[in-house]
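Undergrad: Can you keep this structure in mind? I'll have questions shortly.
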Amino acid sequence: MKTRLGCLANKSDSCSDFSEFLPPAQETTARCLKISTDEVVRWSESFDYLLAHKYGLVAFRTFLKTEFSDENIEFWMACEEYKKIKSSTKLTSKANKIFKEFIDVHAPREVNVDYRTRERTKQNVTDPSPTSLNEIQAKIYSLMEKDSYPRFLRSKMYQDIINRTQAQRQRRSV
């Protein structure tokens, strides 16, 4: 716990091991990643690839937590789950839940969007469809891609992941 708080107190670039932020059950997995350096490098080539990769998503979410902006990725992931819903009753329930948690001006994890987008989304969720959140999700995606993603790639956390996978590869080849 002390280590976690110490890392949070410093800038995200100063924390060397992102597994310190993972729950204990995931720490072992993070410390023993079965991932190649090539895969980690590919994260830097495409934001989509980073989000689609199991460990890439974990690393990015962890990074956003250190910057206190994980509501963006949590919102994006909630929208991805929302699109998969088939039942209109569940669609309405989930749309309202997402709106209250992330979009409403008094939302506990409010994402940063302009007034016009917020109001259009409010209208869309009154009669929800699987595409009701597409516009606002695209804006948050763009925000993360243009702002958080480049910082993640420059972070000590990302560099440490690359270094760790390179060291693992070297140990295996010896």
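Labels used: A, B, ... for chains in the order of the structure tokens, numbers from 1 for residues in each chain, and numbers from 1 for ligands as shown.
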Can you pull out every residue within 12 Å of range 108-119 of chain A, counting only C-alpha atoms, but drop anything in the same chain fewer than 6 positions away, and send it as JSON, numbers by chain?
TA: {"A": [68, 69, 70, 71, 72, 73, 74, 75, 76, 97, 98, 99, 100, 101, 102, 125, 126, 132, 133, 134, 135, 136, 137, 138, 139, 140, 141, 142, 143, 144]}
Undergrad: Taking the DSSP secondary structure from the backbone, can you list the residues of range 80-160 of chain A that are helix (DSSP H, G or I), as a PyMOL selection string?
TA: chain A and resi 80-83+88-103+115-124+134-154+156-160
Undergrad: Between A:Tyr158, A:Asn96, A:Ala167, A:Ala52, which is the closest to Glu80 in chain A once you count only C-alpha atoms?
TA: A:Ala52
Undergrad: Ranking A:Thr62, A:Thr37, A:Ser148, A:Thr89 by minimum distance to Asn163 in chain A and counting only C-alpha atoms, which one comes first?
TA: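 Between A:Thr62, A:Thr37, A:Ser148, A:Thr89, the residue approaching Asn163 in chain A most closely is A:Thr37.
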Undergrad: Distance CA of Asp160 in chain A-CA of His53 in chain A, one decimal place?
TA: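 CA of His53 in chain A lies 17.5 Å from CA of Asp160 in chain A.
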